[in-house]
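What follows is the content of model_33.tsv (TSV, C-alpha atoms).
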```
chain	number	residue	atom	x	y	z
I	1	MET	CA	-27.60	26.82	21.31
I	2	ARG	CA	-27.62	29.61	23.89
I	3	VAL	CA	-24.14	30.93	24.70
I	4	GLY	CA	-23.38	33.38	27.47
I	5	ALA	CA	-20.38	34.91	29.20
I	6	PHE	CA	-19.35	33.74	32.67
I	7	VAL	CA	-17.81	36.53	34.77
I	8	LEU	CA	-16.00	35.90	38.06
I	9	GLY	CA	-14.70	39.37	38.83
I	10	ALA	CA	-11.31	37.71	39.17
I	11	GLN	CA	-8.50	39.74	40.74
I	12	PHE	CA	-5.30	38.74	38.96
I	13	PRO	CA	-1.87	39.25	40.59
I	14	GLY	CA	-0.86	42.91	40.66
I	15	GLN	CA	-4.41	44.18	40.14
I	16	GLY	CA	-6.64	46.15	42.47
I	17	GLN	CA	-10.11	45.02	43.43
I	18	GLY	CA	-11.65	47.99	41.63
I	19	GLU	CA	-9.90	46.95	38.44
I	20	ALA	CA	-11.40	43.47	38.68
I	21	LEU	CA	-14.90	44.83	39.26
I	22	ASP	CA	-14.57	47.34	36.43
I	23	ARG	CA	-13.61	44.51	34.08
I	24	ALA	CA	-16.61	42.47	35.26
I	25	VAL	CA	-19.04	45.30	34.50
I	26	ARG	CA	-17.41	46.01	31.15
I	27	ALA	CA	-17.66	42.32	30.24
I	28	GLY	CA	-21.39	42.31	30.95
I	29	GLU	CA	-22.00	45.40	28.86
I	30	GLU	CA	-19.86	44.06	26.01
I	31	ALA	CA	-21.66	40.70	26.10
I	32	GLU	CA	-24.92	42.48	25.30
I	33	ALA	CA	-23.34	44.70	22.64
I	34	ALA	CA	-21.76	41.66	20.96
I	35	GLY	CA	-25.04	39.75	20.90
I	36	LEU	CA	-24.40	36.99	23.44
I	37	ALA	CA	-27.49	35.45	25.00
I	38	ASP	CA	-26.59	35.77	28.68
I	39	VAL	CA	-24.08	36.95	31.22
I	40	TRP	CA	-23.59	34.83	34.35
I	41	LEU	CA	-22.12	36.39	37.50
I	42	ALA	CA	-20.22	34.62	40.25
I	43	GLU	CA	-20.18	35.36	43.98
I	44	HIS	CA	-17.33	34.79	46.42
I	45	HIS	CA	-16.42	36.04	49.86
I	46	PHE	CA	-13.05	37.09	51.29
I	47	VAL	CA	-10.90	35.80	48.39
I	48	SER	CA	-9.35	37.36	45.31
I	49	TYR	CA	-10.51	34.41	43.20
I	50	GLY	CA	-13.61	36.55	42.67
I	51	VAL	CA	-14.16	39.91	44.35
I	52	CYS	CA	-17.92	40.22	43.77
I	53	PRO	CA	-19.58	39.40	47.14
I	54	SER	CA	-23.16	39.76	45.88
I	55	ALA	CA	-24.06	38.39	42.47
I	56	VAL	CA	-27.63	39.69	42.72
I	57	THR	CA	-26.36	43.24	43.32
I	58	LEU	CA	-24.09	43.12	40.29
I	59	ALA	CA	-26.96	41.57	38.32
I	60	ALA	CA	-29.18	44.50	39.26
I	61	LEU	CA	-26.59	46.96	37.98
I	62	LEU	CA	-26.18	45.13	34.67
I	63	LEU	CA	-29.92	44.68	34.20
I	64	GLY	CA	-30.21	48.45	34.55
I	65	ARG	CA	-27.48	49.07	31.99
I	66	THR	CA	-28.73	46.58	29.39
I	67	ARG	CA	-31.97	46.02	27.49
I	68	ARG	CA	-31.89	42.55	25.92
I	69	ILE	CA	-29.41	40.14	27.45
I	70	GLY	CA	-30.30	37.58	30.10
I	71	VAL	CA	-28.49	38.06	33.42
I	72	GLY	CA	-28.01	35.24	35.91
I	73	THR	CA	-26.11	34.41	39.09
I	74	ALA	CA	-23.63	31.53	38.97
I	75	VAL	CA	-24.15	31.27	41.80
I	76	SER	CA	-25.64	33.00	44.81
I	77	VAL	CA	-24.40	31.09	47.87
I	78	LEU	CA	-27.57	30.02	49.65
I	79	PRO	CA	-26.07	29.09	53.08
I	80	ALA	CA	-24.71	32.67	53.29
I	81	ALA	CA	-28.09	34.32	52.58
I	82	HIS	CA	-31.59	34.23	54.01
I	83	PRO	CA	-33.82	32.45	51.45
I	84	VAL	CA	-36.62	34.99	51.88
I	85	ALA	CA	-34.30	37.96	51.31
I	86	LEU	CA	-32.90	36.24	48.22
I	87	GLY	CA	-36.42	35.45	47.05
I	88	GLU	CA	-37.49	39.07	47.44
I	89	GLN	CA	-34.47	40.26	45.45
I	90	THR	CA	-35.17	37.67	42.77
I	91	ALA	CA	-38.81	38.69	42.42
I	92	LEU	CA	-37.84	42.36	42.18
I	93	LEU	CA	-35.23	41.77	39.48
I	94	HIS	CA	-37.52	39.39	37.60
I	95	LEU	CA	-40.35	41.91	37.47
I	96	LEU	CA	-38.36	45.03	36.69
I	97	SER	CA	-36.26	43.32	34.00
I	98	GLU	CA	-39.34	41.76	32.39
I	99	GLY	CA	-38.09	38.22	32.90
I	100	ARG	CA	-34.41	38.62	32.02
I	101	PHE	CA	-33.09	37.51	35.42
I	102	THR	CA	-32.20	33.92	36.35
I	103	LEU	CA	-31.24	32.97	39.89
I	104	GLY	CA	-28.56	30.33	40.25
I	105	VAL	CA	-27.98	28.98	43.76
I	106	GLY	CA	-25.45	26.62	45.28
I	107	ARG	CA	-24.19	25.21	48.56
I	108	GLY	CA	-20.80	26.89	48.34
I	109	GLY	CA	-18.09	25.29	50.43
I	110	PRO	CA	-17.13	24.66	54.07
I	111	TRP	CA	-15.46	28.06	54.22
I	112	VAL	CA	-15.17	30.73	56.89
I	113	ASP	CA	-18.10	32.47	55.17
I	114	LEU	CA	-20.36	30.21	57.25
I	115	GLU	CA	-18.89	31.61	60.46
I	116	VAL	CA	-19.12	35.22	59.33
I	117	PHE	CA	-22.72	35.03	58.10
I	118	GLY	CA	-23.96	33.01	61.05
I	119	GLY	CA	-25.11	29.79	59.42
I	120	GLY	CA	-22.26	27.66	60.67
I	121	LEU	CA	-21.26	24.30	59.29
I	122	PRO	CA	-24.81	22.85	59.62
I	123	ALA	CA	-26.06	25.36	57.02
I	124	PHE	CA	-23.61	23.80	54.55
I	125	GLU	CA	-23.82	20.14	55.54
I	126	GLU	CA	-27.52	19.70	56.34
I	127	GLY	CA	-29.36	22.97	55.79
I	128	PHE	CA	-29.34	23.36	51.99
I	129	PRO	CA	-32.59	21.40	51.31
I	130	GLU	CA	-34.53	23.45	53.89
I	131	ALA	CA	-33.19	26.73	52.50
I	132	LEU	CA	-33.89	25.72	48.89
I	133	ASP	CA	-37.45	24.64	49.66
I	134	LEU	CA	-38.17	27.89	51.48
I	135	LEU	CA	-36.80	29.86	48.53
I	136	LEU	CA	-38.99	27.87	46.13
I	137	ARG	CA	-42.10	28.45	48.21
I	138	TRP	CA	-41.37	32.18	48.29
I	139	LEU	CA	-41.16	32.27	44.50
I	140	ARG	CA	-44.32	30.18	43.98
I	141	GLU	CA	-46.83	30.90	46.76
I	142	PRO	CA	-48.76	34.03	47.79
I	143	ARG	CA	-48.16	33.59	51.54
I	144	VAL	CA	-45.37	31.74	53.33
I	145	SER	CA	-44.57	30.58	56.85
I	146	ALA	CA	-41.71	28.41	58.10
I	147	ASP	CA	-41.29	25.86	60.88
I	148	GLY	CA	-37.97	24.22	60.07
I	149	GLU	CA	-34.73	23.57	61.88
I	150	ARG	CA	-33.16	26.90	60.90
I	151	TYR	CA	-36.02	29.08	59.67
I	152	ARG	CA	-39.14	29.69	61.73
I	153	PHE	CA	-41.59	32.56	61.28
I	154	ARG	CA	-45.31	33.26	61.16
I	155	GLU	CA	-47.14	33.48	57.84
I	156	VAL	CA	-46.42	36.62	55.86
I	157	PRO	CA	-47.50	37.79	52.40
I	158	VAL	CA	-45.07	37.57	49.50
I	159	VAL	CA	-44.42	41.14	48.34
I	160	PRO	CA	-43.79	41.68	45.51
I	161	ARG	CA	-45.24	38.55	43.96
I	162	PRO	CA	-43.02	37.34	41.08
I	163	ASP	CA	-46.12	36.91	38.89
I	164	CYS	CA	-47.77	40.25	39.68
I	165	ALA	CA	-48.70	42.65	36.91
I	166	ILE	CA	-46.53	45.71	36.33
I	167	ALA	CA	-47.23	48.77	34.27
I	168	PRO	CA	-46.88	48.15	30.52
I	169	ARG	CA	-43.82	49.64	28.91
I	170	GLU	CA	-42.00	49.72	25.63
I	171	ARG	CA	-40.78	46.19	24.86
I	172	GLU	CA	-38.76	46.74	21.70
I	173	GLY	CA	-35.49	44.86	21.99
I	174	ARG	CA	-36.39	43.45	25.41
I	175	ALA	CA	-37.03	39.94	26.63
I	176	GLY	CA	-40.65	39.12	27.39
I	177	GLY	CA	-41.71	38.53	30.97
I	178	THR	CA	-42.40	35.03	32.33
I	179	ALA	CA	-44.73	33.86	35.08
I	180	ALA	CA	-41.91	32.70	37.35
I	181	PRO	CA	-38.23	33.56	37.64
I	182	GLY	CA	-35.72	31.12	36.16
I	183	LEU	CA	-33.89	29.06	38.77
I	184	VAL	CA	-30.89	26.72	38.40
I	185	VAL	CA	-28.92	24.77	41.01
I	186	ALA	CA	-25.15	24.24	40.95
I	187	CYS	CA	-24.61	20.50	41.27
I	188	THR	CA	-21.22	19.10	42.25
I	189	SER	CA	-22.38	16.05	44.23
I	190	PRO	CA	-24.94	13.25	43.80
I	191	GLY	CA	-26.88	14.52	46.80
I	192	THR	CA	-27.38	17.99	45.35
I	193	LEU	CA	-28.19	16.47	41.95
I	194	ARG	CA	-30.93	14.31	43.48
I	195	LEU	CA	-32.29	17.31	45.34
I	196	ALA	CA	-32.48	19.37	42.15
I	197	ALA	CA	-34.04	16.53	40.16
I	198	ALA	CA	-36.70	15.85	42.78
I	199	ARG	CA	-37.73	19.51	42.58
I	200	LEU	CA	-37.39	19.56	38.77
I	201	LEU	CA	-34.77	22.32	38.87
I	202	PRO	CA	-32.19	22.55	36.06
I	203	MET	CA	-28.53	22.04	36.91
I	204	LEU	CA	-25.55	24.34	36.50
I	205	LEU	CA	-22.54	22.08	35.93
I	206	GLY	CA	-19.05	23.37	36.67
I	207	MET	CA	-16.16	24.08	34.34
I	208	HIS	CA	-13.99	21.44	36.05
I	209	CYS	CA	-16.20	18.68	34.57
I	210	GLY	CA	-15.67	17.12	31.16
I	211	ASP	CA	-18.35	16.11	28.68
I	212	GLU	CA	-18.54	12.48	29.80
I	213	GLU	CA	-19.11	13.46	33.43
I	214	LYS	CA	-21.72	16.06	32.46
I	215	ALA	CA	-23.50	13.56	30.21
I	216	GLU	CA	-23.68	11.04	33.07
I	217	MET	CA	-25.00	13.73	35.42
I	218	THR	CA	-27.76	14.68	33.00
I	219	ARG	CA	-28.74	11.00	32.64
I	220	MET	CA	-28.81	10.59	36.42
I	221	TRP	CA	-30.86	13.79	36.77
I	222	ARG	CA	-33.47	12.45	34.34
I	223	ARG	CA	-33.67	9.12	36.20
I	224	GLU	CA	-34.11	10.88	39.54
I	225	ALA	CA	-36.68	13.32	38.15
I	226	ARG	CA	-38.75	10.48	36.68
I	227	ALA	CA	-38.43	8.49	39.92
I	228	ALA	CA	-39.85	11.51	41.76
I	229	GLY	CA	-42.98	11.21	39.63
I	230	HIS	CA	-42.55	14.14	37.26
I	231	PRO	CA	-44.20	13.71	33.83
I	232	HIS	CA	-41.93	13.06	30.87
I	233	GLU	CA	-42.78	16.35	29.12
I	234	GLU	CA	-41.98	18.39	32.23
I	235	VAL	CA	-38.72	16.51	32.79
I	236	GLU	CA	-37.57	17.21	29.23
I	237	ALA	CA	-38.61	20.87	29.41
I	238	ALA	CA	-36.58	21.35	32.60
I	239	ALA	CA	-33.63	19.36	31.20
I	240	ALA	CA	-33.46	21.78	28.27
I	241	ARG	CA	-32.53	24.50	30.76
I	242	HIS	CA	-29.40	22.84	32.17
I	243	VAL	CA	-26.34	25.11	31.93
I	244	SER	CA	-22.77	23.98	31.22
I	245	ALA	CA	-20.00	26.22	32.56
I	246	GLY	CA	-16.68	26.36	30.77
I	247	VAL	CA	-13.82	28.55	29.56
I	248	VAL	CA	-13.42	30.20	26.19
I	249	GLN	CA	-10.37	31.81	24.66
I	250	VAL	CA	-10.42	32.63	20.97
I	251	GLY	CA	-7.06	33.05	19.24
I	252	ASP	CA	-5.57	32.81	15.78
I	253	SER	CA	-4.44	29.28	16.65
I	254	ARG	CA	-4.88	26.74	19.41
I	255	ALA	CA	-1.26	27.22	20.50
I	256	GLU	CA	-1.72	30.98	20.81
I	257	ALA	CA	-4.97	30.71	22.77
I	258	ARG	CA	-3.51	28.10	25.18
I	259	GLU	CA	-0.36	30.16	25.71
I	260	THR	CA	-2.46	33.21	26.56
I	261	LEU	CA	-4.31	31.35	29.32
I	262	LEU	CA	-1.26	29.47	30.58
I	263	LYS	CA	0.55	32.77	31.11
I	264	ALA	CA	-2.28	34.45	33.03
I	265	MET	CA	-4.50	31.95	34.81
I	266	PRO	CA	-2.12	29.92	37.03
I	267	GLY	CA	-1.02	32.99	39.02
I	268	TRP	CA	-4.63	34.01	39.63
I	269	LEU	CA	-5.63	30.46	40.60
I	270	ARG	CA	-2.65	30.07	42.93
I	271	GLU	CA	-3.47	33.26	44.84
I	272	GLY	CA	-7.25	33.09	44.69
I	273	LEU	CA	-7.83	29.44	45.54
I	274	GLY	CA	-5.07	29.51	48.13
I	275	GLN	CA	-6.96	32.08	50.20
I	276	HIS	CA	-9.90	29.80	51.05
I	277	VAL	CA	-10.07	29.10	54.80
I	278	THR	CA	-12.18	26.22	56.13
I	279	VAL	CA	-14.64	27.03	58.89
I	280	ASP	CA	-13.67	24.05	61.05
I	281	GLY	CA	-9.95	23.73	60.30
I	282	ARG	CA	-10.37	20.65	58.11
I	283	PRO	CA	-7.44	20.10	55.72
I	284	ARG	CA	-8.02	21.01	52.10
I	285	ARG	CA	-6.26	19.94	48.94
I	286	MET	CA	-5.73	22.67	46.39
I	287	ARG	CA	-5.62	22.01	42.66
I	288	ASP	CA	-2.28	22.46	40.92
I	289	PRO	CA	-2.81	25.85	39.19
I	290	LEU	CA	-0.84	25.01	36.04
I	291	GLY	CA	-2.33	21.54	35.73
I	292	TYR	CA	-5.83	22.89	36.26
I	293	THR	CA	-5.34	25.54	33.56
I	294	GLU	CA	-4.10	22.86	31.15
I	295	LEU	CA	-7.16	20.74	31.97
I	296	LEU	CA	-9.51	23.65	31.26
I	297	CYS	CA	-7.78	24.25	27.93
I	298	GLU	CA	-8.39	20.62	27.00
I	299	LEU	CA	-12.02	20.50	28.11
I	300	HIS	CA	-13.32	23.73	26.63
I	301	PRO	CA	-13.33	25.93	23.49
I	302	VAL	CA	-9.79	27.27	23.50
I	303	GLY	CA	-8.26	27.83	20.08
I	304	ALA	CA	-8.97	29.25	16.65
I	305	PRO	CA	-12.61	30.13	15.83
I	306	ARG	CA	-13.33	26.89	13.96
I	307	GLU	CA	-11.81	24.81	16.76
I	308	CYS	CA	-13.91	26.65	19.33
I	309	ALA	CA	-17.08	26.22	17.29
I	310	ASP	CA	-16.45	22.50	16.79
I	311	ARG	CA	-15.75	22.08	20.51
I	312	LEU	CA	-19.01	23.77	21.49
I	313	ALA	CA	-21.01	21.71	19.01
I	314	ALA	CA	-19.39	18.47	20.15
I	315	SER	CA	-20.02	19.30	23.81
I	316	ALA	CA	-23.68	20.05	23.16
I	317	GLU	CA	-24.07	16.76	21.27
I	318	ARG	CA	-22.30	14.65	23.90
I	319	THR	CA	-23.96	16.16	26.96
I	320	GLY	CA	-27.35	17.17	25.61
I	321	ILE	CA	-26.80	20.61	27.16
I	322	SER	CA	-27.25	23.55	24.80
I	323	ARG	CA	-26.87	26.44	27.26
I	324	PHE	CA	-23.31	27.57	28.01
I	325	ALA	CA	-21.75	29.96	30.51
I	326	LEU	CA	-18.19	30.51	29.29
I	327	LEU	CA	-15.50	32.23	31.35
I	328	VAL	CA	-14.28	35.10	29.16
I	329	GLU	CA	-11.77	36.85	31.46
I	330	GLY	CA	-8.98	34.29	31.45
I	331	THR	CA	-6.42	36.87	30.30
I	332	GLY	CA	-7.07	38.99	33.38
I	333	ASP	CA	-7.01	42.03	31.15
I	334	ARG	CA	-9.96	44.32	30.41
I	335	ASP	CA	-9.13	44.91	26.75
I	336	GLY	CA	-8.28	41.24	26.28
I	337	THR	CA	-11.61	40.25	27.80
I	338	VAL	CA	-13.49	42.58	25.45
I	339	ARG	CA	-11.63	41.19	22.43
I	340	ASN	CA	-12.39	37.65	23.53
I	341	ILE	CA	-16.11	38.39	23.84
I	342	ARG	CA	-16.21	40.03	20.42
I	343	ARG	CA	-14.36	37.19	18.74
I	344	LEU	CA	-16.64	34.65	20.41
I	345	ALA	CA	-19.70	36.47	19.10
I	346	ASP	CA	-18.38	37.49	15.68
I	347	GLU	CA	-16.16	34.57	14.67
I	348	VAL	CA	-17.25	31.50	16.65
I	349	LEU	CA	-21.02	31.57	17.09
I	350	PRO	CA	-21.81	32.08	13.37
I	351	LEU	CA	-19.96	28.79	12.74
I	352	VAL	CA	-22.05	27.01	15.34
I	353	GLY	CA	-25.45	28.28	14.19
```

File written out as structure tokens:
Amino acid sequence: MRVGAFVLGAQFPGQGQGEALDRAVRAGEEAEAAGLADVWLAEHHFVSYGVCPSAVTLAALLLGRTRRIGVGTAVSVLPAAHPVALGEQTALLHLLSEGRFTLGVGRGGPWVDLEVFGGGLPAFEEGFPEALDLLLRWLREPRVSADGERYRFREVPVVPRPDCAIAPREREGRAGGTAAPGLVVACTSPGTLRLAAARLLPMLLGMHCGDEEKAEMTRMWRREARAAGHPHEEVEAAAARHVSAGVVQVGDSRAEARETLLKAMPGWLREGLGQHVTVDGRPRRMRDPLGYTELLCELHPVGAPRECADRLAASAERTGISRFALLVEGTGDRDGTVRNIRRLADEVLPLVG
């Protein structure tokens, strides 16, 4: 089992944006110090739900401040970025971190971001496959050109190549380099799932999903991957890299851990999710903040250490997913986030194995 921290850079009511970012950086540093496997960084635009607008930039900072832990984006919003620019950043971080960086990408939502960054609604509704394929080619080929609906340019060399040699350096305590950067795709719809499976890309499944839904999605992904002609061994190797997002709150009892989240999270969710603006004025239905917090407490490891360990083990068994990205900042407090990370590492993971 590979357990990592999921960091949103959430701005809770009454906090400044700098406070939220400081907590995000501290969480990443503490995740390495505590011995977690990864830290996953979210990206949002124009909302206090998460105040980090560039997950790759925050990843670069944390890769520079750490030596062992894996750092990934969960996720970089592909319709708001040029695939080549994102590919260049990915190659750079992959090489200089000696393989510790994983790029997670997703479609995002029909938000005003599309208007600001110039992609428009078509980039969200139809353009994701073209953008993803261009990104993949940039990470896999030595020279790339494009002649699609949105991206058109003459052939150019890929610089730096993700698989190029770099000067040898001291590797003690560091992850070894790999030939290609890790890549996962956030899947919240059958269409995106089929797209990921056809390209044999692992999924990142959201914290709003329960084990049964995630198990069905992994089964569907395998069916689609096999239907696309991928060999069994390659399908299983890619499936082992699926990531399950969730929430963790370690307390002395389940009641205490739930109460901690129920006091803090609904206010943040109400403000943060309520700030989303659709690009085309379509109506949107917002989750009930209290009900959503209660759902997350039921779905994920929230409770005493043994309860959290049993919940993680059961989830891995039911879904077949052994990589976790767990939201650690549900208290909205820097010291509380640090304590939560330490208790997860010191008291929960030894019970899981």

Name the closest residue to I:His94 among the candidates I:Pro202, I:Gly336, I:Gly127, I:Gly182; distances are taken between atoms, counting all atoms listed in the file.
I:Gly182

Which residues are near stretch 129-131 of chain I? Cut-off 9 Å, all atoms listed in the file, ignore same chain within fewer than 3 positions. Put them as number ranges by chain.
I: 78-79, 82-84, 123, 126, 134-136, 148-151, 192, 195

When you draw a straight line from atom CA of I:Phe101 to atom CA of I:Val348, how long is it in Å?
25.3 Å

Please determine the residues with any atom at most 8 Å from (-29.1, 24.1, 28.8) (coordinates as given in the file, with all atoms listed in the file counting) and report them as JSON, numbers by chain.
{"I": [2, 239, 240, 241, 242, 243, 244, 320, 321, 322, 323, 324]}

Taking only C-alpha atoms into account, which of I:Val158, I:Ala313, I:Ala264, I:Leu41 comes nearest I:Gly332?
I:Ala264

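Minimum atom-to-atom distance to I:Thr331, evaluated using only C-alpha atoms, belongs to I:Leu261 out of I:Val105, I:Ala227, I:Leu261, I:Ala80.
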
Which polymer residues have any atom within 12 Å of an atom of stretch 271-273 of chain I, counting only C-alpha atoms, with same-chain residues fewer than 3 positions away left out, as number ranges by chain?
I: 8-15, 44-51, 111, 264-268, 276-278, 284-289, 292

Between atom CA of I:Arg222 and atom CA of I:Ala314, what is the distance in Å, rounded to a tenth?
20.9 Å

Determine the nearest neighbour of I:Arg306 from the options I:Pro350, I:Gly99, I:Gly64, I:Gly120, counting all atoms listed in the file.
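Answer, going by the shortest atom-to-atom distance: I:Pro350.
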
Under the rule that only C-alpha atoms are counted, which of I:Ala245, I:Cys52, I:Val279, I:Ala27 is the nearest residue to I:Gly118?
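Distance minimum relative to I:Gly118 lands on I:Val279.
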
Residue among I:Leu183, I:Ala34, I:Ala20, I:Val235 lying closest to I:Thr90, counting all atoms listed in the file
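Residue with the minimum atom-to-atom distance to I:Thr90: I:Leu183.
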
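Taking atom CA of I:Lys214 as the reference point, atom CA of I:Leu327 is found at 17.4 Å.
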
If I only have part of stretch 330-346 of chain I, can you fill in N, CA and C atoms and write it as a compact mmCIF listing (two decimals), in the frame of the given file?
```txt
# COMPACT_ATOMS: atom_id res chain seq x y z
N GLY I 330 -10.17 35.07 31.11
CA GLY I 330 -8.98 34.29 31.45
C GLY I 330 -7.66 35.01 31.25
N THR I 331 -7.66 36.10 30.46
CA THR I 331 -6.42 36.87 30.30
C THR I 331 -6.16 37.76 31.51
N GLY I 332 -7.21 38.06 32.27
CA GLY I 332 -7.07 38.99 33.38
C GLY I 332 -6.97 40.44 32.96
N ASP I 333 -7.19 40.70 31.71
CA ASP I 333 -7.01 42.03 31.15
C ASP I 333 -8.34 42.53 30.60
N ARG I 334 -8.68 43.78 30.86
CA ARG I 334 -9.96 44.32 30.41
C ARG I 334 -10.06 44.32 28.88
N ASP I 335 -9.07 44.86 28.20
CA ASP I 335 -9.13 44.91 26.75
C ASP I 335 -9.10 43.50 26.15
N GLY I 336 -8.32 42.61 26.76
CA GLY I 336 -8.28 41.24 26.28
C GLY I 336 -9.61 40.53 26.46
N THR I 337 -10.29 40.83 27.55
CA THR I 337 -11.61 40.25 27.80
C THR I 337 -12.62 40.74 26.76
N VAL I 338 -12.59 42.02 26.46
CA VAL I 338 -13.49 42.58 25.45
C VAL I 338 -13.23 41.95 24.09
N ARG I 339 -11.96 41.81 23.72
CA ARG I 339 -11.63 41.19 22.43
C ARG I 339 -12.12 39.75 22.38
N ASN I 340 -11.96 39.05 23.48
CA ASN I 340 -12.39 37.65 23.53
C ASN I 340 -13.90 37.53 23.34
N ILE I 341 -14.65 38.40 23.99
CA ILE I 341 -16.11 38.39 23.84
C ILE I 341 -16.50 38.68 22.40
N ARG I 342 -15.86 39.67 21.80
CA ARG I 342 -16.21 40.03 20.42
C ARG I 342 -15.87 38.91 19.44
N ARG I 343 -14.72 38.28 19.64
CA ARG I 343 -14.36 37.19 18.74
C ARG I 343 -15.28 35.99 18.92
N LEU I 344 -15.68 35.72 20.16
CA LEU I 344 -16.64 34.65 20.41
C LEU I 344 -17.93 34.90 19.65
N ALA I 345 -18.44 36.13 19.74
CA ALA I 345 -19.70 36.47 19.10
C ALA I 345 -19.58 36.57 17.58
N ASP I 346 -18.50 37.18 17.11
CA ASP I 346 -18.38 37.49 15.68
C ASP I 346 -17.80 36.35 14.85
```
